[in-house]
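Listing of start14.cif, mmCIF, C-alpha atoms
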data_input
loop_
_atom_site.label_atom_id
_atom_site.label_comp_id
_atom_site.auth_asym_id
_atom_site.auth_seq_id
_atom_site.Cartn_x
_atom_site.Cartn_y
_atom_site.Cartn_z
CA MET A 25 -35.60 21.82 8.64
CA ALA A 26 -33.29 24.63 7.58
CA GLY A 27 -30.55 23.47 9.93
CA SER A 28 -30.23 20.10 8.18
CA LYS A 29 -30.35 21.30 4.59
CA TRP A 30 -26.66 20.54 4.12
CA ARG A 31 -27.37 16.91 5.03
CA THR A 32 -30.27 16.76 2.57
CA ILE A 33 -27.89 17.98 -0.15
CA ALA A 34 -25.25 15.46 0.90
CA ASP A 35 -27.74 12.57 0.89
CA ASP A 36 -29.03 13.55 -2.54
CA LEU A 37 -25.51 13.69 -3.95
CA ILE A 38 -24.83 10.21 -2.52
CA LYS A 39 -27.93 8.89 -4.30
CA LYS A 40 -26.71 10.39 -7.57
CA ILE A 41 -23.28 8.82 -7.08
CA ASP A 42 -24.72 5.40 -6.21
CA SER A 43 -27.08 5.48 -9.20
CA GLY A 44 -24.31 6.50 -11.59
CA GLU A 45 -25.89 9.84 -12.40
CA ILE A 46 -22.64 11.32 -11.13
CA PRO A 47 -20.06 8.70 -12.22
CA ARG A 48 -17.21 7.71 -9.93
CA GLY A 49 -14.05 9.56 -10.86
CA SER A 50 -15.99 12.46 -12.35
CA GLN A 51 -16.04 16.02 -11.09
CA LEU A 52 -18.82 17.23 -8.81
CA PRO A 53 -20.76 20.30 -9.92
CA THR A 54 -19.11 23.50 -8.71
CA GLU A 55 -20.19 25.18 -5.48
CA LEU A 56 -22.03 27.85 -7.49
CA GLU A 57 -23.87 25.21 -9.53
CA LEU A 58 -24.88 23.37 -6.36
CA GLN A 59 -26.09 26.62 -4.76
CA VAL A 60 -28.38 27.22 -7.73
CA GLU A 61 -29.56 23.59 -7.98
CA TYR A 62 -30.46 23.30 -4.29
CA ASP A 63 -31.32 26.95 -3.64
CA ALA A 64 -28.78 26.94 -0.82
CA SER A 65 -26.19 29.28 0.59
CA ARG A 66 -22.48 28.87 -0.08
CA ASN A 67 -21.82 27.75 3.50
CA THR A 68 -24.59 25.14 3.34
CA VAL A 69 -23.12 23.65 0.15
CA ARG A 70 -19.64 23.68 1.67
CA ASP A 71 -20.92 21.84 4.76
CA ALA A 72 -22.42 19.15 2.51
CA ILE A 73 -19.18 18.74 0.54
CA LYS A 74 -17.14 18.70 3.75
CA TRP A 75 -19.29 15.87 5.11
CA LEU A 76 -18.79 13.86 1.91
CA THR A 77 -15.04 14.55 1.98
CA GLN A 78 -14.67 13.39 5.58
CA ARG A 79 -16.25 10.08 4.57
CA GLN A 80 -13.91 9.79 1.58
CA LEU A 81 -16.78 9.82 -0.88
CA VAL A 82 -15.32 12.81 -2.70
CA LEU A 83 -11.79 14.13 -3.00
CA ALA A 84 -10.84 17.80 -3.32
CA GLN A 85 -8.01 18.43 -5.78
CA PRO A 86 -6.59 21.95 -5.32
CA GLY A 87 -6.84 24.00 -8.48
CA ARG A 88 -9.02 21.41 -10.23
CA GLY A 89 -12.19 20.89 -8.21
CA THR A 90 -13.90 18.15 -6.19
CA PHE A 91 -14.09 14.65 -7.65
CA VAL A 92 -16.10 11.56 -6.75
CA SER A 93 -13.84 8.89 -5.26
CA ARG A 94 -13.40 5.73 -7.29
CA LYS A 95 -14.77 2.59 -5.70
CA ILE A 96 -11.97 0.57 -4.17
CA THR A 97 -12.20 -3.20 -3.85
CA PRO A 98 -10.07 -4.23 -0.83
CA PHE A 99 -7.12 -6.56 -1.43
CA ALA A 100 -6.19 -9.17 1.19
CA VAL A 101 -2.50 -10.06 1.59
CA GLU A 102 -1.35 -13.11 3.54
CA LEU A 103 1.72 -12.23 5.62
CA SER A 104 2.36 -15.69 7.07
CA PRO A 105 4.74 -18.08 5.26
CA ARG A 106 2.88 -20.23 2.76
CA HIS A 107 5.35 -23.05 2.11
CA GLY A 108 7.93 -22.98 4.90
CA PHE A 109 10.53 -20.38 5.73
CA GLY A 110 13.13 -21.61 3.24
CA ASN A 111 11.01 -21.11 0.14
CA GLY A 112 11.33 -18.22 -2.28
CA ASP A 113 7.55 -17.78 -2.16
CA ASP A 114 8.03 -16.31 1.31
CA ASP A 115 9.40 -13.07 -0.14
CA GLU A 116 6.88 -10.28 0.36
CA GLY A 117 6.67 -9.97 -3.42
CA GLY A 118 5.85 -13.67 -3.75
CA ALA A 119 3.07 -13.43 -1.16
CA TYR A 120 1.68 -10.38 -2.95
CA VAL A 121 1.52 -12.19 -6.30
CA ALA A 122 0.11 -15.39 -4.77
CA SER A 123 -2.60 -13.46 -2.92
CA ALA A 124 -3.55 -11.63 -6.11
CA ARG A 125 -3.92 -14.88 -8.05
CA VAL A 126 -6.20 -16.38 -5.39
CA GLN A 127 -8.45 -13.32 -5.63
CA ASN A 128 -8.40 -13.15 -9.45
CA ARG A 129 -6.67 -9.77 -9.32
CA ARG A 130 -3.93 -8.51 -11.63
CA PRO A 131 -0.65 -7.64 -9.83
CA SER A 132 2.20 -5.60 -11.30
CA THR A 133 5.29 -3.83 -9.99
CA SER A 134 7.56 -1.08 -11.16
CA ASP A 135 11.16 -1.86 -12.03
CA PRO A 136 13.17 -1.64 -8.81
CA ARG A 137 15.01 1.59 -8.12
CA VAL A 138 18.38 0.63 -6.67
CA GLU A 139 20.59 2.89 -4.55
CA ILE A 140 23.67 2.50 -2.37
CA ARG A 141 23.23 4.32 0.96
CA LYS A 142 24.85 4.64 4.34
CA ALA A 143 23.06 2.68 7.04
CA ALA A 144 21.64 4.79 9.86
CA GLY A 145 19.15 4.50 12.70
CA LEU A 146 16.64 1.68 12.44
CA VAL A 147 18.16 0.22 9.26
CA ALA A 148 21.60 -0.09 10.86
CA ARG A 149 20.15 -1.61 14.03
CA GLN A 150 17.95 -4.17 12.28
CA LEU A 151 20.75 -5.30 9.97
CA GLN A 152 23.24 -5.24 12.86
CA LEU A 153 25.55 -2.88 10.98
CA ASP A 154 27.72 0.00 12.13
CA GLU A 155 26.36 3.48 11.45
CA GLY A 156 27.65 4.54 8.05
CA ALA A 157 28.10 1.03 6.69
CA ARG A 158 26.85 0.74 3.13
CA VAL A 159 23.55 -0.91 2.28
CA VAL A 160 21.79 -1.73 -0.99
CA THR A 161 18.31 -0.23 -1.17
CA ARG A 162 15.73 -1.66 -3.55
CA TYR A 163 12.53 0.39 -3.90
CA GLN A 164 9.40 -0.70 -5.79
CA GLN A 165 5.90 0.55 -6.43
CA ARG A 166 3.25 -2.18 -6.50
CA PHE A 167 -0.15 -2.15 -8.18
CA ILE A 168 -3.35 -4.22 -8.25
CA ASP A 169 -5.44 -3.92 -11.42
CA ASP A 170 -3.23 -0.92 -12.36
CA ASN A 171 -4.18 0.91 -9.12
CA PRO A 172 -1.41 1.94 -6.65
CA TRP A 173 -1.51 -0.53 -3.77
CA SER A 174 1.73 -0.50 -1.80
CA LEU A 175 5.29 0.80 -1.65
CA GLN A 176 8.16 -1.43 -0.62
CA THR A 177 11.77 -0.66 0.29
CA SER A 178 14.23 -3.46 1.07
CA PHE A 179 17.69 -3.01 2.57
CA TYR A 180 20.60 -5.48 2.24
CA PRO A 181 24.17 -5.25 3.55
CA MET A 182 26.51 -4.14 0.75
CA ALA A 183 28.78 -6.96 1.92
CA PHE A 184 26.35 -9.40 0.30
CA VAL A 185 27.25 -7.93 -3.10
CA THR A 186 30.99 -8.19 -2.54
CA ARG A 187 30.50 -11.78 -1.35
CA GLY A 188 28.84 -12.74 -4.63
CA ALA A 189 25.18 -11.60 -4.63
CA GLU A 190 25.83 -9.09 -7.41
CA ARG A 191 22.27 -9.13 -8.78
CA LEU A 192 21.11 -7.16 -5.74
CA VAL A 193 22.41 -4.00 -7.42
CA ASP A 194 20.70 -4.73 -10.75
CA ALA A 195 17.63 -2.61 -11.47
CA ALA A 196 15.62 -5.73 -12.33
CA ASP A 197 13.47 -8.23 -10.49
CA VAL A 198 15.12 -11.28 -8.98
CA GLU A 199 12.75 -13.69 -10.71
CA GLU A 200 13.33 -16.71 -8.46
CA GLY A 201 12.91 -14.56 -5.34
CA VAL A 202 15.61 -13.03 -3.17
CA VAL A 203 15.35 -15.82 -0.57
CA LYS A 204 16.32 -18.46 -3.13
CA TYR A 205 18.91 -16.18 -4.73
CA LEU A 206 20.73 -15.51 -1.45
CA GLN A 207 20.68 -19.22 -0.71
CA SER A 208 22.22 -20.13 -4.06
CA SER A 209 24.73 -17.27 -4.21
CA LEU A 210 25.78 -16.97 -0.55
CA GLY A 211 24.58 -20.17 1.08
CA LEU A 212 22.26 -18.19 3.37
CA THR A 213 19.10 -20.07 4.32
CA GLN A 214 16.13 -18.16 5.70
CA ALA A 215 15.24 -19.30 9.22
CA GLY A 216 12.44 -16.86 10.05
CA TYR A 217 11.43 -13.25 10.29
CA GLN A 218 10.08 -10.72 12.75
CA ASP A 219 7.30 -8.30 11.82
CA LEU A 220 6.45 -4.96 13.36
CA ILE A 221 3.14 -3.45 12.26
CA ALA A 222 2.36 0.20 12.93
CA ALA A 223 0.00 2.88 11.62
CA ARG A 224 0.94 6.42 10.65
CA PRO A 225 -0.26 9.29 8.44
CA PRO A 226 1.13 9.45 4.88
CA ASP A 227 3.74 11.96 3.82
CA GLN A 228 3.21 14.20 0.79
CA GLN A 229 4.83 11.86 -1.74
CA GLU A 230 2.83 8.90 -0.47
CA SER A 231 -0.41 10.88 -0.61
CA VAL A 232 0.26 11.80 -4.24
CA PHE A 233 1.19 8.25 -5.29
CA PHE A 234 -1.81 6.62 -3.63
CA GLY A 235 -4.21 9.48 -4.44
CA LEU A 236 -5.11 10.05 -0.81
CA PRO A 237 -7.00 13.05 0.65
CA ASP A 238 -4.83 15.95 1.78
CA ASN A 239 -6.38 15.86 5.27
CA ALA A 240 -4.59 12.58 6.12
CA SER A 241 -7.94 10.90 6.83
CA VAL A 242 -6.53 7.64 5.40
CA SER A 243 -3.74 6.11 7.49
CA LEU A 244 -0.92 3.95 6.21
CA ILE A 245 -0.20 0.51 7.62
CA GLU A 246 3.57 0.17 7.86
CA LEU A 247 4.99 -3.35 7.99
CA SER A 248 8.67 -3.60 8.98
CA ARG A 249 10.09 -7.09 8.47
CA THR A 250 13.54 -8.29 9.51
CA VAL A 251 14.52 -11.60 7.94
CA TYR A 252 17.11 -13.84 9.62
CA ALA A 253 19.30 -16.65 8.28
CA THR A 254 19.97 -19.95 10.06
CA THR A 255 23.37 -18.46 10.97
CA GLY A 256 21.54 -15.83 13.05
CA GLU A 257 22.58 -12.91 10.84
CA PRO A 258 19.95 -10.58 9.34
CA MET A 259 19.43 -11.16 5.62
CA ARG A 260 17.11 -8.30 4.82
CA PHE A 261 15.15 -5.44 6.35
CA THR A 262 12.01 -4.49 4.42
CA VAL A 263 9.52 -1.67 5.00
CA THR A 264 6.20 -1.92 3.15
CA VAL A 265 3.45 0.69 3.39
CA TYR A 266 -0.18 -0.11 2.65
CA PRO A 267 -3.03 2.46 2.55
CA ALA A 268 -5.70 1.33 5.00
CA ASP A 269 -8.50 2.14 2.55
CA ARG A 270 -7.58 -0.68 0.15
CA ASN A 271 -5.67 -3.35 2.06
CA GLN A 272 -6.46 -6.17 4.45
CA LEU A 273 -3.51 -7.98 6.05
CA TYR A 274 -3.84 -11.41 7.62
CA TYR A 275 -1.86 -14.31 9.06
CA ASN A 276 -2.68 -18.02 9.03
CA ILE A 277 -1.23 -19.79 12.07
CA GLY A 278 -1.41 -23.58 12.25
CA GLU A 279 -3.76 -25.73 10.20
CA VAL A 280 -6.25 -23.25 8.77
CA PRO A 281 -8.15 -24.09 5.55
CA GLU A 282 -7.72 -21.31 3.00
CA SER A 283 -11.49 -21.35 2.46
CA ARG A 284 -11.99 -19.91 5.96
CA LEU A 285 -10.93 -16.48 4.75
CA GLU A 286 -13.55 -14.66 2.73
CA VAL A 287 -11.39 -12.49 0.49
CA PRO A 288 -13.19 -9.91 -1.60
CA GLY A 289 -13.05 -10.09 -5.37
CA PRO A 290 -13.14 -7.28 -7.93
CA ALA A 291 -16.40 -5.37 -8.16
#
In structure tokens, how does this file's structure come out?
Amino acid sequence: MAGSKWRTIADDLIKKIDSGEIPRGSQLPTELELQVEYDASRNTVRDAIKWLTQRQLVLAQPGRGTFVSRKITPFAVELSPRHGFGNGDDDEGGAYVASARVQNRRPSTSDPRVEIRKAAGLVARQLQLDEGARVVTRYQQRFIDDNPWSLQTSFYPMAFVTRGAERLVDAADVEEGVVKYLQSSLGLTQAGYQDLIAARPPDQQESVFFGLPDNASVSLIELSRTVYATTGEPMRFTVTVYPADRNQLYYNIGEVPESRLEVPGPA
């Protein structure tokens, strides 16, 4: 049927992608080449490519062409505390590394980018600071198997630095975990945390870093975590963003055998 020719083209391109005839990550033939190959009009070819794009099978890169999306193996991150609230493993970074090891994946992070800012809005409220009070911001890019996986920004009261937690302003990882470091340097013991999980479209910088389609068809999962000490004061406010096309987030509550979760492994 002439009216479904675009779908025939789309289905044939999918077969070529699945078989490896058109490798993942490679460029699709141009619109003109597809018109000749399938004896189709320009609009019919564009409809086929649009259908593939909407299903994230191909990605249009302005000025370069249309490319086959790379196959993404989802990564599952446990957000619940693994060893009790007072342990350094309960840092988001620790959970990320532990989850990667369980799934035989290779985690890595960028060196932290550290800035001193004025607290405002949500950051000031969650850290219980006055507007304009100074905070230390630590920003990191995180990867799984060298692929961009999440972005994390943590905020700490600048008063922690003046009280003795000077390594917060170092552009280097806190190897033992920030929870343990704040306990040893300031005597602050983590009592618990509160999570807020929301979904939103990515901004331009996030789309570029994660390699997401320009049409915002992939949402970001935004996890905002406020960590509290036994004294009742906030220790940290962290915002982590995860693209929904490559992340699975889960909690274990109570006595749950780890084997109950079927986490995917690398393809």
| message | Under the PyMOL selection byres ((chain A and resi 152-164) around 6), which residues of this model are included? Write them out as a list in words. | response |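 In the shown coordinates, the PyMOL selection byres ((chain A and resi 152-164) around 6) covers Ser134, Pro136, Arg137, Val138, Glu139, Ile140, Arg141, Lys142, Ala143, Ala144, Ala148, Arg149, Gln150, Leu151, Gln165, Gln176, Thr177, Ser178, Phe179, Tyr180, Pro181 and Met182 of chain A.
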Please produce, as JSON lines, a per-residue contact table for region 125-203 of chain A versus region 265-269 of chain A (criterion: any atom at most 8 Å away, only C-alpha atoms considered), showing the nearest atom pair and its distance in Å to one decimal, sorted by chain then residue number.
{"residue": "A:Trp173", "atom": "CA", "partner": "A:Tyr266", "partner_atom": "CA", "distance": 6.6}
{"residue": "A:Ser174", "atom": "CA", "partner": "A:Tyr266", "partner_atom": "CA", "distance": 4.9}
{"residue": "A:Leu175", "atom": "CA", "partner": "A:Val265", "partner_atom": "CA", "distance": 5.4}
{"residue": "A:Gln176", "atom": "CA", "partner": "A:Val265", "partner_atom": "CA", "distance": 6.5}
| Neighbours of region 30-42 of chain A within 12 Å (all atoms listed in the file; same-chain residues fewer than 4 positions away dropped), as JSON, numbers by chain? | {"A": [25, 26, 46, 47, 48, 49, 50, 51, 52, 53, 55, 58, 59, 60, 61, 62, 63, 64, 65, 66, 67, 68, 69, 70, 71, 72, 73, 74, 75, 76, 77, 78, 79, 80, 81, 82, 91, 92, 93, 94, 95]}
| task | Tell me which of A:Ala100, A:Val193, A:Ala183, A:Leu247 sits closest to Asn271 (chain A), counting only C-alpha atoms. | result |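 Residue with the minimum atom-to-atom distance to Asn271 (chain A): A:Ala100.
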| field | Shell of 8 Å around Ala189 (chain A), only C-alpha atoms, local chain residues under 2 positions omitted, as a list in words | value | Phe184, Val185, Thr186, Arg187, Arg191, Leu192, Tyr205, Leu206, Ser209 and Leu210 of chain A
Keeping only C-alpha atoms, write the selected residues as a CSV table (one decimal), keeping the file's coordinate frame.
chain,number,residue,atom,x,y,z
A,184,PHE,CA,26.4,-9.4,0.3
A,185,VAL,CA,27.2,-7.9,-3.1
A,186,THR,CA,31.0,-8.2,-2.5
A,187,ARG,CA,30.5,-11.8,-1.4
A,191,ARG,CA,22.3,-9.1,-8.8
A,192,LEU,CA,21.1,-7.2,-5.7
A,205,TYR,CA,18.9,-16.2,-4.7
A,206,LEU,CA,20.7,-15.5,-1.4
A,209,SER,CA,24.7,-17.3,-4.2
A,210,LEU,CA,25.8,-17.0,-0.6
| query | Pick from A:Ala215, A:Ala124, A:Leu103, A:Val203: nearest to Thr264 (chain A), with all atoms listed in the file counted? | reply |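 The answer is A:Leu103, which sits nearest to Thr264 (chain A).
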| query | Which one is closest to Val121 (chain A): A:Glu230, A:Thr90, A:Leu83, A:Phe167? Count only C-alpha atoms. | reply |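 Answer, going by the shortest atom-to-atom distance: A:Phe167.
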| message | Under the PyMOL selection byres ((chain A and resi 274) around 9), which residues of this model are included? Write them out as a ChimeraX atom specification. | response | /A:100-104,272-273,275-276
| field | Length of the CA of Phe233 (chain A) to CA of Arg125 (chain A) vector [Å] | value | 23.8 Å
| message | Can you measure CA of Val232 (chain A) to CA of Pro98 (chain A) for me? One decimal in Å is fine. | response |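 Computed distance, CA of Val232 (chain A) to CA of Pro98 (chain A), equals 19.4 Å.
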| remark: Nearest to Ile221 (chain A), restricted to all atoms listed in the file and choosing among A:Ala253, A:Leu236, A:Gly188, A:Thr262, comes out as A:Thr262
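You can rank A:Thr255, A:Gly44, A:Arg270, A:Phe99 by their closest distance to Gly211 (chain A) using all atoms listed in the file, and at the top of that list sits A:Thr255.
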| task | Record the distance separating CA of Ile245 (chain A) and CA of Pro172 (chain A), expressed in Å with one decimal. | result |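 Calculated distance between CA of Ile245 (chain A) and CA of Pro172 (chain A) is 14.4 Å.
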